[in-house]
Structures are given as structure tokens and as C-alpha cells.
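Trainee: This is the content of start.txt (compact mmCIF, C-alpha atoms):
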# COMPACT_ATOMS: atom_id res chain seq x y z
CA MET N 1 -21.85 -4.27 22.66
CA SER N 2 -22.51 -0.68 23.73
CA SER N 3 -24.86 1.46 21.63
CA GLU N 4 -22.05 3.93 20.77
CA TYR N 5 -20.04 1.17 19.09
CA ARG N 6 -23.13 -0.45 17.59
CA SER N 7 -23.96 2.82 15.77
CA MET N 8 -20.34 3.25 14.65
CA ARG N 9 -20.35 -0.31 13.36
CA GLU N 10 -23.31 0.51 11.12
CA GLU N 11 -21.24 3.18 9.34
CA LEU N 12 -18.22 0.96 8.67
CA PRO N 13 -17.45 -0.62 5.29
CA VAL N 14 -18.49 -4.28 4.97
CA GLU N 15 -14.84 -5.46 4.97
CA VAL N 16 -14.18 -3.75 8.31
CA VAL N 17 -17.33 -5.22 9.87
CA GLU N 18 -16.15 -8.67 8.69
CA LEU N 19 -12.82 -8.03 10.41
CA VAL N 20 -14.54 -7.00 13.65
CA ASP N 21 -16.72 -10.12 13.45
CA ALA N 22 -13.57 -12.27 13.09
CA PHE N 23 -12.73 -11.51 16.72
CA ARG N 24 -14.41 -14.13 18.89
CA SER N 25 -14.47 -12.04 22.04
CA PRO N 26 -17.04 -9.21 22.29
CA ALA N 27 -14.56 -7.34 24.51
CA THR N 28 -11.95 -7.54 21.75
CA GLN N 29 -14.50 -6.36 19.21
CA ILE N 30 -15.29 -3.30 21.34
CA ALA N 31 -11.59 -2.66 21.98
CA PHE N 32 -10.88 -2.75 18.25
CA LEU N 33 -13.82 -0.46 17.49
CA TYR N 34 -12.29 1.91 20.06
CA VAL N 35 -9.03 1.85 18.07
CA LEU N 36 -10.99 2.61 14.91
CA ALA N 37 -12.86 5.46 16.60
CA ASN N 38 -9.56 6.98 17.74
CA ALA N 39 -8.26 6.67 14.19
CA ASN N 40 -11.20 8.77 12.97
CA ILE N 41 -11.60 6.39 10.05
CA LEU N 42 -15.01 7.77 9.21
CA ASP N 43 -13.68 11.31 8.74
CA PRO N 44 -12.97 12.42 5.16
CA VAL N 45 -9.35 12.06 4.10
CA LEU N 46 -7.70 15.10 2.58
CA VAL N 47 -4.35 14.93 0.85
CA ASP N 48 -2.62 17.89 -0.77
CA ALA N 49 -0.64 17.60 -4.01
CA GLU N 50 2.75 18.05 -2.29
CA THR N 51 2.12 15.27 0.24
CA ALA N 52 0.67 12.98 -2.42
CA ALA N 53 3.66 13.58 -4.72
CA ARG N 54 6.08 12.69 -1.91
CA MET N 55 4.15 9.54 -0.98
CA VAL N 56 3.77 8.16 -4.51
CA ARG N 57 7.19 9.23 -5.81
CA PRO N 58 8.53 5.71 -6.54
CA TYR N 59 5.45 4.84 -8.61
CA SER N 60 5.46 8.22 -10.34
CA TRP N 61 9.12 7.80 -11.20
CA PHE N 62 8.44 4.35 -12.66
CA LEU N 63 5.50 5.61 -14.73
CA ASP N 64 7.57 8.52 -16.06
CA ARG N 65 10.54 6.24 -16.82
CA VAL N 66 8.37 3.74 -18.70
CA GLY N 67 6.73 6.64 -20.54
CA ALA N 68 4.73 6.16 -23.72
CA GLU N 69 7.32 3.92 -25.40
CA GLY N 70 7.91 1.40 -22.61
CA ILE N 71 11.14 -0.30 -21.57
CA LYS N 72 12.56 -3.34 -23.38
CA LEU N 73 13.11 -6.08 -20.81
CA THR N 74 15.94 -8.61 -20.78
CA SER N 75 15.34 -12.07 -22.25
CA ALA N 76 14.65 -13.25 -18.67
CA GLY N 77 11.94 -10.59 -18.26
CA TYR N 78 13.82 -8.16 -15.99
CA LEU N 79 14.73 -4.51 -16.32
CA PRO N 80 18.06 -4.06 -18.15
CA PRO N 81 21.09 -3.01 -16.07
CA PRO N 82 21.08 0.69 -17.13
CA GLU N 83 17.45 0.98 -16.02
CA VAL N 84 18.23 -0.72 -12.71
CA GLU N 85 21.15 1.63 -12.08
CA ALA N 86 18.96 4.65 -12.92
CA ALA N 87 16.24 3.47 -10.55
CA VAL N 88 18.73 2.80 -7.75
CA ALA N 89 20.22 6.29 -8.14
CA GLU N 90 16.90 8.12 -8.48
CA LEU N 91 15.02 6.27 -5.72
CA GLY N 92 17.92 6.10 -3.25
CA LEU N 93 17.92 2.31 -3.08
CA ALA N 94 21.66 2.01 -2.47
CA ASP N 95 21.04 2.63 1.24
CA GLU N 96 18.39 -0.11 1.36
CA TRP N 97 20.20 -2.94 -0.39
CA TYR N 98 23.65 -4.36 -1.04
CA GLY N 99 25.66 -5.59 -3.99
CA LYS N 100 26.37 -4.06 -7.39
CA LEU N 101 22.74 -2.94 -7.80
CA ASN N 102 22.70 -3.44 -11.55
CA ARG N 103 20.49 -6.53 -11.85
CA GLU N 104 16.81 -6.33 -11.01
CA SER N 105 16.73 -9.97 -9.92
CA ARG N 106 19.34 -9.12 -7.26
CA THR N 107 17.95 -5.71 -6.31
CA LEU N 108 14.85 -6.90 -4.47
CA PRO N 109 13.47 -3.48 -3.43
CA LEU N 110 13.28 -2.51 -7.11
CA LEU N 111 11.86 -5.87 -8.16
CA ASP N 112 9.23 -5.60 -5.41
CA LEU N 113 8.34 -2.07 -6.54
CA ARG N 114 7.92 -3.10 -10.19
CA GLU N 115 5.88 -6.17 -9.27
CA SER N 116 3.66 -4.12 -6.96
CA ALA N 117 3.12 -1.55 -9.74
CA MET N 118 2.00 -4.43 -11.94
CA ARG N 119 -0.31 -5.88 -9.26
CA LEU N 120 -1.78 -2.41 -8.71
CA GLY N 121 -2.67 -2.11 -12.39
CA LEU N 122 -0.15 0.59 -13.31
CA LEU N 123 2.34 -1.43 -15.40
CA ARG N 124 2.19 -4.59 -17.49
CA LYS N 125 4.50 -6.83 -19.50
CA SER N 126 3.78 -7.45 -23.16
CA ARG N 127 6.02 -8.97 -25.84
CA GLY N 128 9.21 -8.37 -23.91
CA MET N 129 8.32 -4.80 -22.99
CA LEU N 130 7.34 -3.13 -19.73
CA LEU N 131 4.45 -0.80 -20.53
CA ALA N 132 2.14 1.53 -18.65
CA THR N 133 -1.45 0.32 -18.51
CA PRO N 134 -4.18 2.71 -19.63
CA ARG N 135 -4.76 3.52 -15.95
CA GLY N 136 -1.04 4.07 -15.43
CA ARG N 137 -0.88 6.44 -18.43
CA GLU N 138 -3.90 8.31 -17.10
CA LEU N 139 -2.30 8.79 -13.67
CA ARG N 140 1.10 9.99 -14.93
CA GLY N 141 1.55 13.54 -13.71
CA ASP N 142 -1.41 13.29 -11.31
CA PRO N 143 0.04 12.54 -7.85
CA VAL N 144 -3.26 13.01 -6.02
CA GLY N 145 -5.06 10.69 -8.45
CA LEU N 146 -2.24 8.17 -8.13
CA TRP N 147 -2.37 8.41 -4.32
CA TRP N 148 -6.12 7.69 -4.36
CA HIS N 149 -5.64 4.82 -6.81
CA LEU N 150 -3.07 3.23 -4.50
CA ALA N 151 -5.19 3.88 -1.39
CA ARG N 152 -8.21 2.18 -2.98
CA GLN N 153 -6.11 -0.92 -3.61
CA LEU N 154 -5.49 -1.46 0.12
CA PRO N 155 -5.81 -4.09 1.31
CA PRO N 156 -5.22 -5.88 -2.00
CA ALA N 157 -8.46 -7.13 -3.53
CA LYS N 158 -7.04 -10.62 -4.09
CA ALA N 159 -5.98 -11.00 -0.46
CA VAL N 160 -8.11 -13.49 1.42
CA GLY N 161 -8.84 -14.42 5.00
CA HIS N 162 -6.06 -13.84 7.49
CA VAL N 163 -3.87 -12.02 4.92
CA LYS N 164 -6.60 -9.48 4.27
CA HIS N 165 -7.33 -9.15 7.99
CA ALA N 166 -3.65 -8.64 8.79
CA GLY N 167 -3.42 -5.89 6.19
CA MET N 168 -6.52 -4.18 7.55
CA LEU N 169 -5.16 -4.40 11.10
CA LEU N 170 -1.92 -2.78 9.97
CA LEU N 171 -3.81 0.01 8.20
CA ALA N 172 -5.91 0.61 11.32
CA ALA N 173 -2.79 0.76 13.48
CA VAL N 174 -1.15 3.27 11.14
CA ALA N 175 -4.30 5.40 11.08
CA ALA N 176 -4.70 5.29 14.86
CA GLY N 177 -1.11 6.21 15.73
CA PRO N 178 -0.13 6.28 19.42
CA ASP N 179 -2.93 5.75 21.97
CA ALA N 180 -3.59 7.95 25.00
CA THR N 181 -0.81 6.22 26.94
CA GLY N 182 1.73 6.82 24.18
CA HIS N 183 1.84 3.16 23.15
CA GLU N 184 1.90 2.53 19.45
CA GLN N 185 -1.23 0.87 18.10
CA PHE N 186 1.05 -1.66 16.40
CA ASP N 187 1.64 -3.07 19.88
CA TYR N 188 -2.09 -3.25 20.45
CA VAL N 189 -2.72 -4.97 17.15
CA ALA N 190 0.10 -7.46 17.67
CA LEU N 191 -0.61 -8.30 21.28
CA ARG N 192 -4.27 -7.75 22.05
CA THR N 193 -6.58 -8.09 19.07
CA TRP N 194 -6.43 -11.80 18.36
CA PRO N 195 -8.11 -13.84 21.10
As a first step, turn the structure in this file into C-alpha cells.
Mentor:
Amino acid sequence: MSSEYRSMREELPVEVVELVDAFRSPATQIAFLYVLANANILDPVLVDAETAARMVRPYSWFLDRVGAEGIKLTSAGYLPPPEVEAAVAELGLADEWYGKLNRESRTLPLLDLRESAMRLGLLRKSRGMLLATPRGRELRGDPVGLWWHLARQLPPAKAVGHVKHAGMLLLAAVAAGPDATGHEQFDYVALRTWP
């Protein structure tokens, strides 16, 4: 491995080094480190409030909707129809899904959003209510703080092995964007990184 990539490797987080080590071929390791170098992953990340607010809008909306009082769930543990309809209208989910869009169990984009907010430590269920966690209450009205909270959760801490590696590869591809030839890094990740 060239000295340039060896020194870069020393600056990487442990999880990224583990991912690089998962590639059996030294050539693939160097190629992936090249992708990471082009992604400037060691540069500080700056996000302004407007961009953060746009990126975290679905989670912010959910936190605001749940508020301090929470939302009473149905006996099956889902959002009640009026809440589903409000979410569909506010988050523009009608273009993403089909059907009447009044049952959370049948409106999978909304169900996925709520479940991800729970996995990310923003919402919780308790005694038939959907409530904001202390962290969720703290981040209401703070889009930059919420953005950083979500960013720190990627890849998910509970992900293991190939699931964690796949998530990290996707994040690297997004960060790298198109390469010098104009090819998307998604192509690189999908076709060239696994030996």
C-alpha cells in the first residue's frame, strides 16, 4: 500500500479501517481509499440551518406533531387515521404511495419514518401513546442539532457485518459523488469494491 494511503488510513475512524480491511485485495483497498480521498471525508462538515431544516423536515414535523402531549395510538399500536392523513398531506407522501392513505399500516413510507424515528432515539411508545424521548424533546426546533444527531447514527450502531459495511459503502458513494470520468461512485461501489 502506498505511503499516501497508509497515512490517510491512520486518520480514518476505526469503523472505516475495518471496512477497508474487509476487502481481500490490496488493490481494492487502495482503490477504495482513493474514493474516500476524493470524498474529502476528513474535511470538517459544515451545514447551515436552512439546509439542515430542509434535510430533517420529516423528523422535525413528527417531533412537532407529537409535541409535549404525545399522540394516542390505535389499539393495534398505529397512528390514528387523522394523524396519518395529516402526515400524508404535510410530508407529500401521496406521490410516493397508493391507496386511501389513512392507515399507517398501509402507508409504508409513514410507518418506516415513525419506526426510524424510534430507532434513532427520537420517539418512543409508552402505554398506548407515541411520545418524544428526552433527546427528541431537546432537538425540537433545532434543525442543525437534529441533523447532527441523525448523522451520528449512520450507519446504525446495531448494524453488524455486511449490513454495516453496505451502509458505509453507500455513505462513501454519496460523499464522493461522480468521479473524474463522470461515473457515479454508486457504480464503483456496486461493481468494483467487493473482490
Trainee: Which of these, N:Leu123, N:Leu79, N:Leu46, N:Val35, has the shortest distance to Leu111 of chain N once you count all atoms listed in the file?
Mentor: N:Leu79
Trainee: Could you produce a table of the residues of segment 23-72 of chain N lying within 9 Å of segment 145-163 of chain N, with the nearest pair of atoms per residue and their separation in Å rounded to one decimal, using only C-alpha atoms, ordered by chain and increasing residue number, as CSV?
Mentor:
residue,atom,partner,partner_atom,distance
N:Val47,CA,N:Trp147,CA,8.6
N:Ala52,CA,N:Trp147,CA,5.8
N:Ala53,CA,N:Trp147,CA,8.0
N:Met55,CA,N:Trp147,CA,7.4
N:Val56,CA,N:Trp147,CA,6.1
N:Tyr59,CA,N:Leu146,CA,8.4
N:Ser60,CA,N:Leu146,CA,8.0
Trainee: Between atom CA of Gly77 of chain N and atom CA of Gly128 of chain N, measure the distance and give it in Å to one decimal.
Mentor: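 Rounded to one decimal, the two atoms are 6.7 Å apart.
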Trainee: Please report the interatomic distance between atom CA of Arg57 of chain N and atom CA of Pro143 of chain N in Å with one decimal.
Mentor: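 Pair atom CA of Arg57 of chain N / atom CA of Pro143 of chain N returns 8.1 Å.
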Trainee: By how many Å are atom CA of Gly136 of chain N and atom CA of Gly121 of chain N apart?
Mentor: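 Those two atoms sit 7.1 Å apart.
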Trainee: Neighbours of segment 20-25 of chain N within 10 Å (all atoms listed in the file; same-chain residues fewer than 4 positions away dropped), as a list in words?
Mentor: Arg9, Val14, Glu15, Val16, Gln29, Ile30, Ala31, Phe32, Leu33, Gly161, His162, His165, Thr193, Trp194 and Pro195 of chain N
Trainee: Output, as AutoDock Vina command-line options, the centre and edge lengths in Å (one decimal) of the axis-aligned box that contains all listed atoms of segment 139-146 of chain N with 3 Å of margin on each side.
Mentor:
--center_x -1.8 --center_y 10.9 --center_z -10.5 --size_x 12.6 --size_y 11.4 --size_z 14.9
Trainee: Quick one: residues within 12 Å of Ser126 of chain N, only C-alpha atoms counted, chain neighbours fewer than 5 positions away excluded, as a VMD selection string?
Mentor: chain N and resid 70 to 73 77 118 131 to 133
Trainee: Rank N:Ala27, N:Thr51, N:Arg124, N:Leu42 by their smallest atom-to-atom distance to Pro13 of chain N, using only C-alpha atoms, and report the top residue only.
Mentor: N:Leu42
Trainee: Under the rule that all atoms listed in the file are counted, which of N:Glu138, N:Met8, N:Leu130, N:Ala87 is the nearest residue to Asn40 of chain N?
Mentor: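 Answer, going by the shortest atom-to-atom distance: N:Met8.
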Trainee: What lies within 8 Å of Glu96 of chain N using all atoms listed in the file, ignoring chain neighbours under 3 positions off, as a list in words?
Mentor: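 Final neighbour list, sorted by chain and number: Gly92, Leu93 and Pro109 of chain N.
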Trainee: Can you write segment 118-164 of chain N from the block above with N, CA and C atoms, as a PDB file, in the first residue's frame?
Mentor:
ATOM      1  N   MET N 118     -38.079   6.137  15.929  1.00  0.00           N
ATOM      2  CA  MET N 118     -37.965   5.386  17.184  1.00  0.00           C
ATOM      3  C   MET N 118     -36.585   4.747  17.307  1.00  0.00           C
ATOM      4  N   ARG N 119     -36.111   4.124  16.222  1.00  0.00           N
ATOM      5  CA  ARG N 119     -34.770   3.508  16.256  1.00  0.00           C
ATOM      6  C   ARG N 119     -33.681   4.547  16.509  1.00  0.00           C
ATOM      7  N   LEU N 120     -33.896   5.764  16.021  1.00  0.00           N
ATOM      8  CA  LEU N 120     -32.904   6.826  16.163  1.00  0.00           C
ATOM      9  C   LEU N 120     -33.000   7.544  17.504  1.00  0.00           C
ATOM     10  N   GLY N 121     -33.881   7.079  18.368  1.00  0.00           N
ATOM     11  CA  GLY N 121     -33.968   7.622  19.718  1.00  0.00           C
ATOM     12  C   GLY N 121     -34.711   8.934  19.832  1.00  0.00           C
ATOM     13  N   LEU N 122     -35.593   9.235  18.880  1.00  0.00           N
ATOM     14  CA  LEU N 122     -36.346  10.491  18.910  1.00  0.00           C
ATOM     15  C   LEU N 122     -37.756  10.306  19.462  1.00  0.00           C
ATOM     16  N   LEU N 123     -38.364   9.162  19.190  1.00  0.00           N
ATOM     17  CA  LEU N 123     -39.728   8.855  19.626  1.00  0.00           C
ATOM     18  C   LEU N 123     -39.736   7.511  20.329  1.00  0.00           C
ATOM     19  N   ARG N 124     -40.783   7.305  21.153  1.00  0.00           N
ATOM     20  CA  ARG N 124     -40.957   6.023  21.826  1.00  0.00           C
ATOM     21  C   ARG N 124     -42.445   5.784  22.054  1.00  0.00           C
ATOM     22  N   LYS N 125     -42.808   4.520  22.228  1.00  0.00           N
ATOM     23  CA  LYS N 125     -44.173   4.157  22.592  1.00  0.00           C
ATOM     24  C   LYS N 125     -44.209   3.873  24.089  1.00  0.00           C
ATOM     25  N   SER N 126     -45.269   4.339  24.726  1.00  0.00           N
ATOM     26  CA  SER N 126     -45.457   4.042  26.142  1.00  0.00           C
ATOM     27  C   SER N 126     -46.941   4.114  26.468  1.00  0.00           C
ATOM     28  N   ARG N 127     -47.491   3.034  26.999  1.00  0.00           N
ATOM     29  CA  ARG N 127     -48.882   2.976  27.434  1.00  0.00           C
ATOM     30  C   ARG N 127     -49.859   3.491  26.377  1.00  0.00           C
ATOM     31  N   GLY N 128     -49.668   3.029  25.155  1.00  0.00           N
ATOM     32  CA  GLY N 128     -50.584   3.380  24.088  1.00  0.00           C
ATOM     33  C   GLY N 128     -50.403   4.773  23.518  1.00  0.00           C
ATOM     34  N   MET N 129     -49.290   5.407  23.852  1.00  0.00           N
ATOM     35  CA  MET N 129     -49.014   6.763  23.376  1.00  0.00           C
ATOM     36  C   MET N 129     -47.695   6.779  22.606  1.00  0.00           C
ATOM     37  N   LEU N 130     -47.622   7.637  21.607  1.00  0.00           N
ATOM     38  CA  LEU N 130     -46.364   7.923  20.926  1.00  0.00           C
ATOM     39  C   LEU N 130     -45.831   9.205  21.531  1.00  0.00           C
ATOM     40  N   LEU N 131     -44.647   9.138  22.114  1.00  0.00           N
ATOM     41  CA  LEU N 131     -44.067  10.264  22.840  1.00  0.00           C
ATOM     42  C   LEU N 131     -42.686  10.593  22.314  1.00  0.00           C
ATOM     43  N   ALA N 132     -42.299  11.849  22.476  1.00  0.00           N
ATOM     44  CA  ALA N 132     -40.922  12.240  22.174  1.00  0.00           C
ATOM     45  C   ALA N 132     -40.039  11.779  23.328  1.00  0.00           C
ATOM     46  N   THR N 133     -38.867  11.287  23.000  1.00  0.00           N
ATOM     47  CA  THR N 133     -37.887  10.931  24.031  1.00  0.00           C
ATOM     48  C   THR N 133     -37.290  12.233  24.574  1.00  0.00           C
ATOM     49  N   PRO N 134     -36.552  12.166  25.674  1.00  0.00           N
ATOM     50  CA  PRO N 134     -35.878  13.383  26.131  1.00  0.00           C
ATOM     51  C   PRO N 134     -34.988  13.994  25.042  1.00  0.00           C
ATOM     52  N   ARG N 135     -34.286  13.148  24.307  1.00  0.00           N
ATOM     53  CA  ARG N 135     -33.439  13.647  23.208  1.00  0.00           C
ATOM     54  C   ARG N 135     -34.294  14.279  22.115  1.00  0.00           C
ATOM     55  N   GLY N 136     -35.413  13.668  21.786  1.00  0.00           N
ATOM     56  CA  GLY N 136     -36.320  14.219  20.792  1.00  0.00           C
ATOM     57  C   GLY N 136     -36.871  15.570  21.215  1.00  0.00           C
ATOM     58  N   ARG N 137     -37.255  15.700  22.497  1.00  0.00           N
ATOM     59  CA  ARG N 137     -37.748  16.993  23.005  1.00  0.00           C
ATOM     60  C   ARG N 137     -36.654  18.053  22.939  1.00  0.00           C
ATOM     61  N   GLU N 138     -35.441  17.644  23.245  1.00  0.00           N
ATOM     62  CA  GLU N 138     -34.307  18.574  23.218  1.00  0.00           C
ATOM     63  C   GLU N 138     -34.019  19.088  21.804  1.00  0.00           C
ATOM     64  N   LEU N 139     -34.236  18.238  20.813  1.00  0.00           N
ATOM     65  CA  LEU N 139     -33.898  18.600  19.429  1.00  0.00           C
ATOM     66  C   LEU N 139     -35.041  19.276  18.673  1.00  0.00           C
ATOM     67  N   ARG N 140     -36.227  19.339  19.266  1.00  0.00           N
ATOM     68  CA  ARG N 140     -37.337  20.059  18.620  1.00  0.00           C
ATOM     69  C   ARG N 140     -36.938  21.513  18.433  1.00  0.00           C
ATOM     70  N   GLY N 141     -37.097  22.015  17.231  1.00  0.00           N
ATOM     71  CA  GLY N 141     -36.767  23.409  16.964  1.00  0.00           C
ATOM     72  C   GLY N 141     -35.277  23.665  16.751  1.00  0.00           C
ATOM     73  N   ASP N 142     -34.476  22.597  16.696  1.00  0.00           N
ATOM     74  CA  ASP N 142     -33.033  22.741  16.475  1.00  0.00           C
ATOM     75  C   ASP N 142     -32.637  21.884  15.275  1.00  0.00           C
ATOM     76  N   PRO N 143     -32.868  22.391  14.042  1.00  0.00           N
ATOM     77  CA  PRO N 143     -32.601  21.549  12.866  1.00  0.00           C
ATOM     78  C   PRO N 143     -31.138  21.148  12.713  1.00  0.00           C
ATOM     79  N   VAL N 144     -30.214  22.019  13.072  1.00  0.00           N
ATOM     80  CA  VAL N 144     -28.800  21.663  12.955  1.00  0.00           C
ATOM     81  C   VAL N 144     -28.457  20.571  13.970  1.00  0.00           C
ATOM     82  N   GLY N 145     -28.936  20.706  15.193  1.00  0.00           N
ATOM     83  CA  GLY N 145     -28.713  19.671  16.203  1.00  0.00           C
ATOM     84  C   GLY N 145     -29.336  18.346  15.797  1.00  0.00           C
ATOM     85  N   LEU N 146     -30.534  18.407  15.217  1.00  0.00           N
ATOM     86  CA  LEU N 146     -31.205  17.198  14.751  1.00  0.00           C
ATOM     87  C   LEU N 146     -30.425  16.568  13.597  1.00  0.00           C
ATOM     88  N   TRP N 147     -29.936  17.400  12.681  1.00  0.00           N
ATOM     89  CA  TRP N 147     -29.140  16.897  11.554  1.00  0.00           C
ATOM     90  C   TRP N 147     -27.925  16.143  12.074  1.00  0.00           C
ATOM     91  N   TRP N 148     -27.210  16.749  13.036  1.00  0.00           N
ATOM     92  CA  TRP N 148     -26.018  16.088  13.594  1.00  0.00           C
ATOM     93  C   TRP N 148     -26.383  14.812  14.342  1.00  0.00           C
ATOM     94  N   HIS N 149     -27.501  14.823  15.045  1.00  0.00           N
ATOM     95  CA  HIS N 149     -27.944  13.610  15.746  1.00  0.00           C
ATOM     96  C   HIS N 149     -28.166  12.480  14.742  1.00  0.00           C
ATOM     97  N   LEU N 150     -28.869  12.792  13.653  1.00  0.00           N
ATOM     98  CA  LEU N 150     -29.130  11.775  12.631  1.00  0.00           C
ATOM     99  C   LEU N 150     -27.838  11.326  11.962  1.00  0.00           C
ATOM    100  N   ALA N 151     -26.946  12.253  11.661  1.00  0.00           N
ATOM    101  CA  ALA N 151     -25.677  11.917  11.006  1.00  0.00           C
ATOM    102  C   ALA N 151     -24.843  10.991  11.877  1.00  0.00           C
ATOM    103  N   ARG N 152     -24.853  11.227  13.181  1.00  0.00           N
ATOM    104  CA  ARG N 152     -24.055  10.384  14.088  1.00  0.00           C
ATOM    105  C   ARG N 152     -24.603   8.967  14.196  1.00  0.00           C
ATOM    106  N   GLN N 153     -25.842   8.781  13.793  1.00  0.00           N
ATOM    107  CA  GLN N 153     -26.466   7.462  13.883  1.00  0.00           C
ATOM    108  C   GLN N 153     -26.184   6.603  12.658  1.00  0.00           C
ATOM    109  N   LEU N 154     -25.428   7.142  11.690  1.00  0.00           N
ATOM    110  CA  LEU N 154     -25.164   6.414  10.450  1.00  0.00           C
ATOM    111  C   LEU N 154     -23.737   5.898  10.402  1.00  0.00           C
ATOM    112  N   PRO N 155     -23.520   4.667  10.040  1.00  0.00           N
ATOM    113  CA  PRO N 155     -24.534   3.632   9.890  1.00  0.00           C
ATOM    114  C   PRO N 155     -25.099   3.279  11.260  1.00  0.00           C
ATOM    115  N   PRO N 156     -26.275   2.667  11.315  1.00  0.00           N
ATOM    116  CA  PRO N 156     -26.891   2.345  12.602  1.00  0.00           C
ATOM    117  C   PRO N 156     -25.956   1.532  13.493  1.00  0.00           C
ATOM    118  N   ALA N 157     -25.910   1.892  14.752  1.00  0.00           N
ATOM    119  CA  ALA N 157     -24.999   1.242  15.702  1.00  0.00           C
ATOM    120  C   ALA N 157     -25.261  -0.257  15.822  1.00  0.00           C
ATOM    121  N   LYS N 158     -26.511  -0.667  15.667  1.00  0.00           N
ATOM    122  CA  LYS N 158     -26.842  -2.087  15.829  1.00  0.00           C
ATOM    123  C   LYS N 158     -26.585  -2.897  14.564  1.00  0.00           C
ATOM    124  N   ALA N 159     -26.252  -2.223  13.478  1.00  0.00           N
ATOM    125  CA  ALA N 159     -25.950  -2.952  12.235  1.00  0.00           C
ATOM    126  C   ALA N 159     -24.651  -3.726  12.422  1.00  0.00           C
ATOM    127  N   VAL N 160     -24.598  -4.915  11.856  1.00  0.00           N
ATOM    128  CA  VAL N 160     -23.407  -5.747  12.002  1.00  0.00           C
ATOM    129  C   VAL N 160     -22.923  -6.225  10.636  1.00  0.00           C
ATOM    130  N   GLY N 161     -21.653  -6.557  10.597  1.00  0.00           N
ATOM    131  CA  GLY N 161     -21.061  -7.197   9.430  1.00  0.00           C
ATOM    132  C   GLY N 161     -21.386  -6.552   8.107  1.00  0.00           C
ATOM    133  N   HIS N 162     -21.892  -7.365   7.190  1.00  0.00           N
ATOM    134  CA  HIS N 162     -22.124  -6.896   5.824  1.00  0.00           C
ATOM    135  C   HIS N 162     -23.168  -5.777   5.756  1.00  0.00           C
ATOM    136  N   VAL N 163     -24.127  -5.748   6.688  1.00  0.00           N
ATOM    137  CA  VAL N 163     -25.134  -4.678   6.681  1.00  0.00           C
ATOM    138  C   VAL N 163     -24.465  -3.344   7.012  1.00  0.00           C
ATOM    139  N   LYS N 164     -23.595  -3.362   7.994  1.00  0.00           N
ATOM    140  CA  LYS N 164     -22.874  -2.142   8.367  1.00  0.00           C
ATOM    141  C   LYS N 164     -21.943  -1.721   7.237  1.00  0.00           C
TER     142      LYS N 164
END
